[in-house]
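I have placed the structure first, in the form of structure tokens, so that the comments after it can refer back to it.
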Amino acid sequence: MNKTIKMLTTAIPLAAALAAPGAMADVVKVAYIDTMSGAFAPIGQNLFNSYQYNAELANKQKLAGNHTIEFVAFDNKGSPQESLNQLKNVINQGIRYIAQGNGSGVALALVDAINKHNERNPGKEIVYFNNSAIDPDLTNSKCSFWHFRFDANSDMKMEALTTYLAKDQSVKKVYIIGQNYAHGHQFTRAAKEYLARKRPDIEIVGDDLHPIALVKDFSPYVAKIKASGADTVLTGNWGSDLALLIKSGRESDLKANFYTYYAATTGVPTAMGAAGADRVKSVGNWNVNNDTFVGKEIVEGFKKKYKDDFYTTQTHSVVHFLSKAIKESKSTDPVKVAFALEGMKMKGLGGDMEMRKSDHQMQQPIYITTWTKTNKTDVRYDQENTGYGWKTNQKIDSFVASQPTSCQMKRPSAADL
């Protein structure tokens, strides 16, 4: 009799655990597959630290209930092929979530591989959080139920940027320069289309695409920009390609204004210094120098811990949306979490956010900012100890930059839940 009772008491908690796997406290690992070596390594390391820092804060606040979130780095060397190799390592280690953002070419390769893996391996699905790869195709023709983009895509950013630029009647001649890969091509296309629609009087005086992460001296490109008579440069460059372009422009005394997507990323603020003051503008999802300095605690804490700048709000968004999805679905299972993420709304650092169900493209406000000397009023926080930071020119509501989608989402059946 005692033996029977003992067996029953052992079986009850085991049965409960099997019936409700999400009820147990899990460590939810997210594989960060990105550039941890090479020319873009400083940005990759900054993003990884940003993920870790936000996960630590979320875990302390128990945003995912009793579950904890942990990020693990896998170096893809900026290569789509190496990213696929690392994805195999991630799968072999049993990790069910990945994050990536540096390079739309990488993102497109990962989406395709994850789609195939999930189709062939029911019960072992992987969900992909995209923090920065902004090729519009990722939430249009290449959209996937397993992919969620937390950054505004290239067309959304261009809509916001050209809406602001179009009001400046001093802009007469524009030079477009970008990196020769998926994002660079989309940037160039959108710039031409949107300027033609909003300011047909503006002359496009140059259009260059250069090899990504290979150009060490941008002076020949800057010479072409100067010779064109451009008063404004539009560039989707990021990382060392943007830092070196800005540096060369400074050294060549280029007077043109720069409109950028990524001037706040590692290395670029130092390259700009005082020479970029009031001449370089950037578009993003948030700026700490906002009306009420929302996010200042994260900026200050990150700086204290890593001696670096927190500038990618998407890492904060990924952690908070994932935590909420785990809590609301009462599960750490990727399929259930993915369904919970669809249509989810939350107030983020930049304002009201919504993960649009139709294409998994985050809808959020966009900020236009200008590189400016710090002060004690509206530009309190600098970058890279330069004494210069970003002044908020305009907060553009999400509906202004929002774009239609051609996505035809294929979802798992209800039986998979």
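Following the order of the structure tokens, first chain is A, next is B, and so on, with residues numbered from 1 inside each chain and ligands from 1 in the order they appear.
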Compile a residue-level contact table for stretch 156-236 of chain A against stretch 99-118 of chain A at a cut-off of 10 Å, reporting for every qualifying residue the shortest atom pair and its distance in Å to one decimal, with only C-alpha atoms counted, rows ordered by chain and ascending number, as CSV.
residue,atom,partner,partner_atom,distance
A:Tyr181,CA,A:Gly105,CA,7.1
A:Ala182,CA,A:Gly105,CA,6.1
A:His183,CA,A:Ser104,CA,6.1
A:Gly184,CA,A:Ser104,CA,9.5
Can you pull out the residues contacting A:Gln179? Cut-off 12 Å, using only C-alpha atoms, and skip same-chain residues under 2 positions away; I want them as a PyMOL selection string. chain A and resi 103-105+176-177+181-188+207-215+235-242+245
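With only C-alpha atoms as the basis for measurement, A:Asn153 is the residue among A:Gln363, A:Ser248, A:Thr370, A:Asn153 that approaches A:Thr139 most closely.
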Do you have the atom CA of A:Lys62-atom CA of A:Met362 distance handy?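 So the answer is 23.8 Å.
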Looking at A:Thr374, A:Pro200, A:Arg411, A:Arg356, which one is nearest to A:Asp278, with distances taken over only C-alpha atoms? A:Thr374
Helix (DSSP H, G or I) positions in stretch 23-52 of chain A, given as a PyMOL selection string: chain A and resi 23+41-52
